[in-house]
Protein chains: 2
Amino acid sequence: MKIALAQLNFIVGHFEHNIGLITKALAEARSRGSDIVVFTELSVCGYPSQDLLEMDHFIDQCEQSVKEIATHCKGIAAIVGVPTRNRNSYGKRLYNSAYLLNEGRIEAVYHKGLLPTYDIFDEYRYFEPATSFKTIPFRGKKIALTICEDLWNLDVHALYRVNPMDELIKEKPDLMINISASPFAWSHLADRHFTFSENARKYGLPLFVANQMGGHTELIFDGQSGVYNSLGGLVGRFDSFAEGVKVFDLEEVLKNDVPPKPLIIDQQAKNEIIYQALVFGIKEYFGKLGLSKAILGLSGGLDSALTLVLAAQALGPENCRAVLLPGPYSSDHSIKDAVALAQNLGVPYDIITIDETVNAFEKSLEPWFENTPAGIAEENLQARARAVILMGLANKFGYVLLNTSNKSEAAVGYGTLYGDMCGGLAVIGDIYKTEAYSLAKHINKEREIIPVNTINKPPSAELKPNQRDTDSLPPYEVLDDILLKYIEGRMSKEEIVETGHNQELVTKVLKMVNASEYKRRQAPPVLRVSKKAFGFGRKMPLVAKHPD
Amino acid sequence: MKIALAQLNFIVGHFEHNIGLITKALAEARSRGSDIVVFTELSVCGYPSQDLLEMDHFIDQCEQSVKEIATHCKGIAAIVGVPTRNRNSYGKRLYNSAYLLNEGRIEAVYHKGLLPTYDIFDEYRYFEPATSFKTIPFRGKKIALTICEDLWNLDVHALYRVNPMDELIKEKPDLMINISASPFAWSHLADRHFTFSENARKYGLPLFVANQMGGHTELIFDGQSGVYNSLGGLVGRFDSFAEGVKVFDLEEVLKNDVPPKPLIIDQQAKNEIIYQALVFGIKEYFGKLGLSKAILGLSGGLDSALTLVLAAQALGPENCRAVLLPGPYSSDHSIKDAVALAQNLGVPYDIITIDETVNAFEKSLEPWFENTPAGIAEENLQARARAVILMGLANKFGYVLLNTSNKSEAAVGYGTLYGDMCGGLAVIGDIYKTEAYSLAKHINKEREIIPVNTINKPPSAELKPNQRDTDSLPPYEVLDDILLKYIEGRMSKEEIVETGHNQELVTKVLKMVNASEYKRRQAPPVLRVSKKAFGFGRKMPLVAKHPD
């Protein structure tokens with residue numbers, strides 16, 4: 001039996017597009033002698049469809065689409081993912097389902113049993129979990145079909161009461177097929193590989209996984225669909241961030257005896273995959289919204305430099321526009337470094353000073369501000385004047401403003417709301433500053449794209465004379481370690497202090513994180529590359545007393 | 001037996017505060033001869049604690065708090081709500097639990113079975129649902145104790161597989177107690193009353209409900225705790241938005257034979273309860289964040305007028321500051337109407353023209369904007385110049401900027417991101433424009449607080465000459481009806497057209513709603529007063545093809 005996996009870029013709610021991709025893949029796989037094509041989780045409507053799933057006519061369109069796809073399943077079968085209505089007298093209105101389509105009709109249906117509802121996942125918001133599981137017969141083989149999370153209940157402390165494969169294995173299936181929509185996070189890749197490998201090994205069956213690829217606002221799906229032999233060894237894997245249809249011969253996979261091997265992501269591989277993910281994330285955000293042009297404020301500092309490199313790679317330098325917005329406290333090297341980068345990349349740039357607009361605000365506010373010491377309010381005027389100019393150009397010429405904040409500053413609220421926190425998409429908002437340095441060096445590994453001075457100079461917001469980030473913040477190596485332990489690790493103040501940090505400093509940093517929740521609530525969507533990004537995967541109360 | 005219900009204002013994560021409220025209520029109830037005090041759902045940590053629940057030390061603090069509260073339960077018992085650790089080998093890490101504390105110790109534990117996970121609720125994100133249910137013996141009575149949603153499975157199409165009361169009733173309990181954190185929505189009040197009444201009637205038992213009160217960012221909890229007799233008749237109910245401890249005699253409730261009666265909210269009652277809710281919501285947001293002073297841009301139009309009235313009532317006129325920011329297209333009556341309102345309310349006001357700052361931006365942008373037709377970009381400059389001035393004053397003097405957008409304009413994206421969409425809290429963001437008119441007339445019912453001209457003149461953003469909202473939008477009666485059907489009703493374009501709307505218009509409005517998703521993602525938290533507010537209770541994909 002020949003099994004094709006299809007790793008395709010679906011668009012949420014774009015049934016015509018999705019059906020088109022599916023039928024094209026069916027035709028291609030048929031021409032290559034496949035018996036069946038496996039598509040990804042909720043392939044018919046795209047994942048995540050969020051509250052569109054609550055609309056009756058959206059589900060109607062899903063049902064119609066499946067019927068249409070079934071008409072193309074002649075001489076070849078398909079497994080597609082689609083929400084289906086729950087016809088029982090209780091439970092959520094929908095199931096997250098997989099259909100086996102064959103000979104023009106729906107031959108079998110499987111409902112997902114384990115519904116991830118944590119971090120960015122909220123499947124129990126929409127779906128009823130299945131509680132019984134049956135294998136699916138197809139051309140003399142028994143398929144143990146599962147959907148994504150159904151295979152992820154391996155932990156010692158299992159998150160779910162049932163384990164679908166433990167039920168399915170009782171029917172002595174011949175192979176496992178899993179359809180997934182498992183999003184990218186650099187440190188998740190090894191877990192995902194392990195989970196698939198371990199399932200194959202545990203149940204002694206070959207495993208065929210089709211995983212969604214594509215960008216969905218902040219969520220990046222890398223794909224990396226693949227096939228494992230019954231020892232857990234990797235037989236073949238798709239490229240990340242790329243569409244494709246691959247055909248595998250079941251008999252050959254059954255004979256394959258490559259041993260299991262852990263996936264190791266070293267520093268170099270981490271930088272490379274994050275670079276690819278962010279470029280892909282930008283491309284997808286723009287592409288799927290029908291937009292093409294990006295603008296950003298280029299300060300001469302590391303964050304905007306990194307953002308511009310990624311944007312130029314994603315959209316082409318000719319579709320990017322850098323604006324240098326020197327203010328009263330900008331240093332000469334800022335302009336020089338920014339210009340050098342724009343020239344290196346071939347990105348058109350403009351220089352618009354903010355002195356006049358900042359002066360106009362200061363004059364308008366003078367009767368109220370006089371006799372008060374200059375402080376944050378004045379600094380913010382500069383950041384906001386820049387934002388107004390950038391948004392003016394964006395609105396006039398149809399650019400999307402890219403936000404250039406990194407995760408460290410977003411975490412501690414070191415940024416101006418409605419100023420440098422503006423933008424349609426936060427490109428490096430899930431990258432800690434120390435990671436940004438590492439990524440910049442990775443980008444420069446063959447030639448100096450980002451001026452070395454941009455990487456080496458002490459970071460500064462340049463909103464007051466001789467300002468440096470370290471005036472308000474600890475060194476980034478220290479800050480990022482504390483943030484990682486607090487945000488990703490959910491450690492308490494005491495626990496973080498026990499790892500060797502200064503108590504006063506930890507107290508201060510945690511307070512900054514908690515006190516800036518209100519800013520992050522209004523921040524742009526952040527391209528997610530870690531297991532815990534700011535955005536809807538981290539739900540913190542804004543009005544609360546945080547533990548201290 | 002005397003049963004006290006305690007409707008108290010807990011703060012999320014503020015254990016000291018919450019324990020203080022609980023022990024004070026215990027002392028008061030003891031002095032009034034009560035046998036037991038019933039506190040609300042998750043009273044120990046506050047509801048919703050969101051991802052704080054994922055922190056181990058937060059749960060440790062919950063456990064310590066319960067032990068401390070138990071020491072106060074001498075001669076009187078308490079039912080408190082608290083997250084507890086799941087000690088089974090599977091499932092989510094926590095239960096949403098209720099403890100019976102008596103004689104200094106934990107005497108019984110009940111775990112919530114039905115976990116709401118829809119709209120603003122996400123309980124399955126954190127909690128494992130209980131699947132077996134036992135009554136709790138106390139002083140010779142059997143209590144059927146449930147937590148909030150546990151009583152809400154009455155529909156013909158039940159949302160959940162189990163019905164805790166159907167299990168508990170088998171043990172022939174003497175009474176029902178329900179601890180809740182059921183948030184306010186004006187149209188939800190009748191449902192809530194019906195649900196409690198119907199449970200009492202269905203099971204033929206008196207029902208004692210303690211429901212949380214207090215504001216938690218966008219969520220407003222009104223309380224309205226109460227007691228129902230075994231016919232479903234209302235024996236007594238707490239005031240909305242107010243703390244209190246009330247003692248009820250079980251024997252008297254058992255004898256009570258008031259018949260059940262539906263709760264009817266007419267237009268007048270709707271306006272009054274929404275007015276109270278919004279005033280309370282502002283007060284809570286500021287109070288719990290330790291803030292006291294609000295600033296807003298007062299345009300002379302309806303929305304900012306309404307917002308100022310509510311803020312002045314909530315915070316006191318002396319803690320509010322209105323800023324009139326006339327621009328090139330502001331009309332004379334705008335200033336006049338705004339001044340009249342500020343004077344009516346006794347709110348200090350300032351006038352700061354934006355002409356100079358807008359001119360400065362236009363001059364800075366002239367080399368790029370010249371030879372382009374004036375449009376949205378120029379209009380947005382005005383709105384953003386206003387925002388920068390308002391935020392400048394807010395940052396300088398410690399005000400919170402109040403956002404004045406209504407639900408209709410938020411829905412169609414009729415507002416400037418980083419301009420009039422700025423603010424720490426969107427006060428009337430869940431009020432459609434037609435509702436805003438009704439609320440304004442309600443406010444004026446005894447005397448003219450909001451100038452009649454503000455209510456009667458055609459609404460305009462005044463960002464270009466002779467602009468009116470109806471240049472870009474249909475009349476608000478038509479718009480709001482379409483929006484209500486689309487957003488609250490989840491109806492399709494075809495279904496809305498079938499109710500009598502013009503097809504082209506419906507298409508245009510739906511497109512506007514879907515195309516402005518990206519703006520709402522960066523909007524301030526919206527005080528929720530309806531069953532479907534913008535914010536985290538409505539999760540729409542930003543990158544998607546919406547059904548059309």
# chains A, B, ... in the order shown; residues from 1 in each chain; ligands from 1
>>> residues_around(residues="segment 281-294 of chain A", least_positions_apart="5", cutoff="7 Å", atoms="only C-alpha atoms", output="list in words")
Gly214, Gly215, His216, Thr217, Ile220, Ala311, Ala314, Leu315, Asn319, Cys320, Arg321, Tyr399, Val400, Leu401, Leu402 and Leu527 of chain A; Val543 of chain B
>>> residues_around(residues="Asp239 of chain A", least_positions_apart="3", cutoff="8 Å", atoms="only C-alpha atoms", output="ChimeraX atom specification")
/A:223-225,242
>>> closest_atom_pairs(of="chain A", to="chain B", cutoff="7 Å", atoms="only C-alpha atoms", output="tab-separated table")
residue	atom	partner	partner_atom	distance
A:Ile11	CA	B:Ala544	CA	6.2
A:Val12	CA	B:Ala544	CA	4.8
A:Gly13	CA	B:Lys545	CA	4.9
A:His14	CA	B:Lys545	CA	5.2
A:Ser49	CA	B:Pro541	CA	6.5
A:Gln50	CA	B:Met540	CA	5.8
A:Asp51	CA	B:Met540	CA	5.5
A:Leu52	CA	B:Met540	CA	6.8
A:Met55	CA	B:Arg490	CA	5.6
A:His57	CA	B:Ser492	CA	6.3
A:Phe58	CA	B:Pro547	CA	6.9
A:Ser89	CA	B:His157	CA	5.4
A:Tyr90	CA	B:Ala158	CA	4.6
A:Gly91	CA	B:Leu159	CA	4.3
A:Lys92	CA	B:Leu159	CA	5.6
A:Thr117	CA	B:Arg125	CA	5.0
A:Tyr118	CA	B:Arg125	CA	5.1
A:Tyr124	CA	B:Thr117	CA	6.6
A:Arg125	CA	B:Thr117	CA	5.0
A:His157	CA	B:Ser89	CA	5.4
A:Ala158	CA	B:Tyr90	CA	4.6
A:Leu159	CA	B:Gly91	CA	4.3
A:Tyr160	CA	B:Gly91	CA	4.8
A:Arg161	CA	B:Tyr90	CA	5.7
A:His216	CA	B:Val543	CA	5.9
A:Thr217	CA	B:Val543	CA	5.5
A:Tyr285	CA	B:Val543	CA	6.9
A:Lys288	CA	B:Val543	CA	6.4
A:Leu289	CA	B:Val543	CA	6.2
A:Ile352	CA	B:Ser364	CA	6.8
A:Glu356	CA	B:Ala360	CA	6.3
A:Thr357	CA	B:Ala360	CA	5.2
A:Ala360	CA	B:Thr357	CA	5.2
A:Phe361	CA	B:Thr357	CA	6.0
A:Ser364	CA	B:Ile352	CA	6.8
A:Ile376	CA	B:Asn395	CA	7.0
A:Ala377	CA	B:Asn395	CA	5.0
A:Leu381	CA	B:Gly392	CA	6.7
A:Arg384	CA	B:Val388	CA	6.5
A:Val388	CA	B:Arg384	CA	6.5
A:Ile389	CA	B:Phe361	CA	7.0
A:Gly392	CA	B:Ala377	CA	5.4
A:Asn395	CA	B:Ala377	CA	5.0
A:Lys396	CA	B:Ala377	CA	5.1
A:Tyr418	CA	B:Tyr418	CA	5.5
A:Arg490	CA	B:Met55	CA	5.5
A:Ser492	CA	B:His57	CA	6.2
A:Gln522	CA	B:Gln522	CA	4.3
A:Ala523	CA	B:Gln522	CA	5.9
A:Pro524	CA	B:Gln522	CA	6.2
A:Arg538	CA	B:Asp51	CA	6.9
A:Lys539	CA	B:Asp51	CA	5.5
A:Met540	CA	B:Asp51	CA	5.5
A:Pro541	CA	B:Gln50	CA	6.2
A:Leu542	CA	B:Thr217	CA	6.3
A:Val543	CA	B:Thr217	CA	5.5
A:Ala544	CA	B:Val12	CA	4.8
A:Lys545	CA	B:Gly13	CA	4.9
A:His546	CA	B:Gly13	CA	5.8
A:Pro547	CA	B:Gly13	CA	6.7
>>> closest_residue(among="A:Ile76, A:Ala210, A:Ala144, A:Ala98", to="Leu8 of chain A", atoms="only C-alpha atoms")
A:Ala210
>>> select_by_dssp(residues="segment 179-356 of chain B", states="strand (DSSP E or B)", output="short mmCIF file (atom, residue, chain, number, x, y, z; two decimals) with N, CA, C and O atoms, in the first residue's frame")
data_model
loop_
_atom_site.label_atom_id
_atom_site.label_comp_id
_atom_site.auth_asym_id
_atom_site.auth_seq_id
_atom_site.Cartn_x
_atom_site.Cartn_y
_atom_site.Cartn_z
N ILE B 179 -22.14 27.74 45.21
CA ILE B 179 -21.22 28.87 45.28
C ILE B 179 -20.81 29.23 43.85
O ILE B 179 -20.46 28.36 43.05
N SER B 180 -20.87 30.50 43.53
CA SER B 180 -20.77 30.93 42.14
C SER B 180 -19.78 32.06 41.94
O SER B 180 -19.42 32.77 42.88
N LEU B 207 -32.71 26.47 47.86
CA LEU B 207 -31.39 26.69 47.26
C LEU B 207 -30.79 27.99 47.80
O LEU B 207 -31.43 29.05 47.74
N PHE B 208 -29.58 27.89 48.32
CA PHE B 208 -28.84 29.05 48.83
C PHE B 208 -27.66 29.31 47.90
O PHE B 208 -26.81 28.43 47.71
N VAL B 209 -27.63 30.49 47.31
CA VAL B 209 -26.57 30.81 46.33
C VAL B 209 -25.73 31.98 46.81
O VAL B 209 -26.25 33.06 47.10
N ALA B 210 -24.42 31.78 46.89
CA ALA B 210 -23.50 32.90 47.15
C ALA B 210 -22.74 33.17 45.86
O ALA B 210 -22.03 32.30 45.36
N ASN B 211 -22.93 34.37 45.32
CA ASN B 211 -22.29 34.71 44.05
C ASN B 211 -21.31 35.87 44.24
O ASN B 211 -21.61 36.84 44.93
N MET B 213 -19.13 39.19 43.97
CA MET B 213 -19.29 40.56 43.48
C MET B 213 -17.90 41.16 43.38
O MET B 213 -16.96 40.70 44.02
N GLY B 214 -17.79 42.18 42.55
CA GLY B 214 -16.49 42.84 42.39
C GLY B 214 -16.12 42.96 40.92
O GLY B 214 -16.67 42.27 40.07
N GLY B 215 -15.23 43.89 40.64
CA GLY B 215 -14.78 44.08 39.26
C GLY B 215 -13.41 43.46 39.07
O GLY B 215 -12.53 43.60 39.92
N HIS B 216 -13.23 42.76 37.97
CA HIS B 216 -11.95 42.13 37.67
C HIS B 216 -11.58 42.51 36.24
O HIS B 216 -11.90 41.79 35.32
N LEU B 219 -14.31 42.12 33.56
CA LEU B 219 -15.44 41.36 34.09
C LEU B 219 -16.01 42.03 35.33
O LEU B 219 -15.28 42.33 36.27
N ILE B 220 -17.31 42.22 35.30
CA ILE B 220 -18.01 42.81 36.43
C ILE B 220 -18.88 41.71 37.05
O ILE B 220 -19.67 41.08 36.36
N PHE B 221 -18.70 41.48 38.34
CA PHE B 221 -19.53 40.51 39.05
C PHE B 221 -20.50 41.30 39.91
O PHE B 221 -20.08 42.11 40.74
N ASP B 222 -21.77 41.08 39.68
CA ASP B 222 -22.79 41.88 40.37
C ASP B 222 -23.20 41.30 41.70
O ASP B 222 -23.74 42.01 42.54
N GLY B 223 -22.96 39.99 41.90
CA GLY B 223 -23.43 39.39 43.14
C GLY B 223 -24.84 38.88 42.96
O GLY B 223 -25.05 37.87 42.33
N GLY B 226 -28.62 34.89 46.55
CA GLY B 226 -30.01 34.82 47.00
C GLY B 226 -30.41 33.45 47.47
O GLY B 226 -29.66 32.48 47.40
N VAL B 227 -31.65 33.40 47.93
CA VAL B 227 -32.22 32.15 48.46
C VAL B 227 -33.55 31.90 47.77
O VAL B 227 -34.36 32.82 47.61
N TYR B 228 -33.74 30.65 47.35
CA TYR B 228 -34.98 30.23 46.71
C TYR B 228 -35.64 29.15 47.56
O TYR B 228 -34.94 28.30 48.14
N LEU B 234 -38.46 33.16 45.04
CA LEU B 234 -37.34 33.93 45.60
C LEU B 234 -37.66 34.37 47.02
O LEU B 234 -38.60 35.11 47.26
N VAL B 235 -36.84 33.93 47.96
CA VAL B 235 -37.05 34.27 49.37
C VAL B 235 -36.31 35.58 49.71
O VAL B 235 -36.81 36.41 50.46
N GLY B 236 -35.14 35.73 49.16
CA GLY B 236 -34.37 36.94 49.45
C GLY B 236 -33.20 37.05 48.50
O GLY B 236 -32.69 36.04 48.01
N ARG B 237 -32.81 38.30 48.20
CA ARG B 237 -31.69 38.47 47.27
C ARG B 237 -30.84 39.65 47.72
O ARG B 237 -31.36 40.63 48.25
N SER B 240 -27.19 44.29 44.05
CA SER B 240 -26.11 44.18 43.08
C SER B 240 -24.97 45.09 43.49
O SER B 240 -25.19 46.15 44.07
N GLY B 244 -22.02 42.22 51.45
CA GLY B 244 -22.95 42.00 52.54
C GLY B 244 -22.91 40.57 53.06
O GLY B 244 -22.39 39.66 52.40
N VAL B 245 -23.40 40.41 54.28
CA VAL B 245 -23.59 39.09 54.87
C VAL B 245 -25.04 39.03 55.31
O VAL B 245 -25.51 39.91 56.03
N LYS B 246 -25.77 38.05 54.82
CA LYS B 246 -27.17 37.91 55.21
C LYS B 246 -27.38 36.53 55.82
O LYS B 246 -26.84 35.54 55.32
N VAL B 247 -28.17 36.50 56.89
CA VAL B 247 -28.42 35.24 57.58
C VAL B 247 -29.85 34.77 57.30
O VAL B 247 -30.80 35.57 57.42
N PHE B 248 -29.98 33.53 56.91
CA PHE B 248 -31.30 32.95 56.62
C PHE B 248 -31.54 31.75 57.53
O PHE B 248 -30.63 30.96 57.79
N ASP B 249 -32.79 31.63 57.97
CA ASP B 249 -33.16 30.49 58.81
C ASP B 249 -33.70 29.39 57.91
O ASP B 249 -34.72 29.57 57.24
N ALA B 294 -8.77 59.95 36.52
CA ALA B 294 -9.02 59.63 35.11
C ALA B 294 -8.98 60.88 34.26
O ALA B 294 -9.36 61.97 34.70
N ILE B 295 -8.51 60.70 33.03
CA ILE B 295 -8.51 61.80 32.07
C ILE B 295 -9.18 61.30 30.80
O ILE B 295 -9.16 60.09 30.51
N LEU B 296 -9.81 62.19 30.09
CA LEU B 296 -10.35 61.78 28.79
C LEU B 296 -10.47 62.99 27.88
O LEU B 296 -10.47 64.13 28.33
N GLY B 297 -10.54 62.70 26.60
CA GLY B 297 -10.77 63.74 25.60
C GLY B 297 -12.27 63.94 25.46
O GLY B 297 -13.01 63.00 25.18
N CYS B 320 -11.57 63.54 38.05
CA CYS B 320 -11.64 63.41 36.60
C CYS B 320 -11.11 64.69 35.98
O CYS B 320 -11.16 65.77 36.58
N ARG B 321 -10.60 64.56 34.78
CA ARG B 321 -10.14 65.74 34.06
C ARG B 321 -10.54 65.58 32.60
O ARG B 321 -10.25 64.56 31.98
N ALA B 322 -11.24 66.57 32.10
CA ALA B 322 -11.68 66.54 30.72
C ALA B 322 -10.78 67.45 29.91
O ALA B 322 -10.44 68.56 30.36
N VAL B 323 -10.35 66.99 28.76
CA VAL B 323 -9.53 67.82 27.90
C VAL B 323 -10.26 67.99 26.57
O VAL B 323 -10.62 67.00 25.92
N LEU B 324 -10.51 69.22 26.22
CA LEU B 324 -11.12 69.54 24.93
C LEU B 324 -9.97 69.80 23.96
O LEU B 324 -9.09 70.61 24.25
N TYR B 349 -11.74 71.17 33.41
CA TYR B 349 -11.44 70.90 32.00
C TYR B 349 -10.39 71.86 31.49
O TYR B 349 -10.20 72.95 32.05
N ASP B 350 -9.71 71.44 30.46
CA ASP B 350 -8.71 72.26 29.78
C ASP B 350 -9.00 72.24 28.29
O ASP B 350 -9.62 71.30 27.80
N ILE B 351 -8.56 73.27 27.63
CA ILE B 351 -8.68 73.30 26.17
C ILE B 351 -7.28 73.37 25.59
O ILE B 351 -6.49 74.24 25.93
#
>>> atom_distance(atom1="atom CA of Lys134 of chain A", atom2="atom CA of Asn178 of chain A")
14.0 Å
>>> atom_distance(atom1="atom CA of Arg32 of chain A", atom2="atom CA of Asn9 of chain A")
20.9 Å
>>> closest_residue(among="B:Glu28, B:Asp469, B:Asp430, B:Glu448", to="Glu488 of chain B", atoms="only C-alpha atoms")
B:Asp430
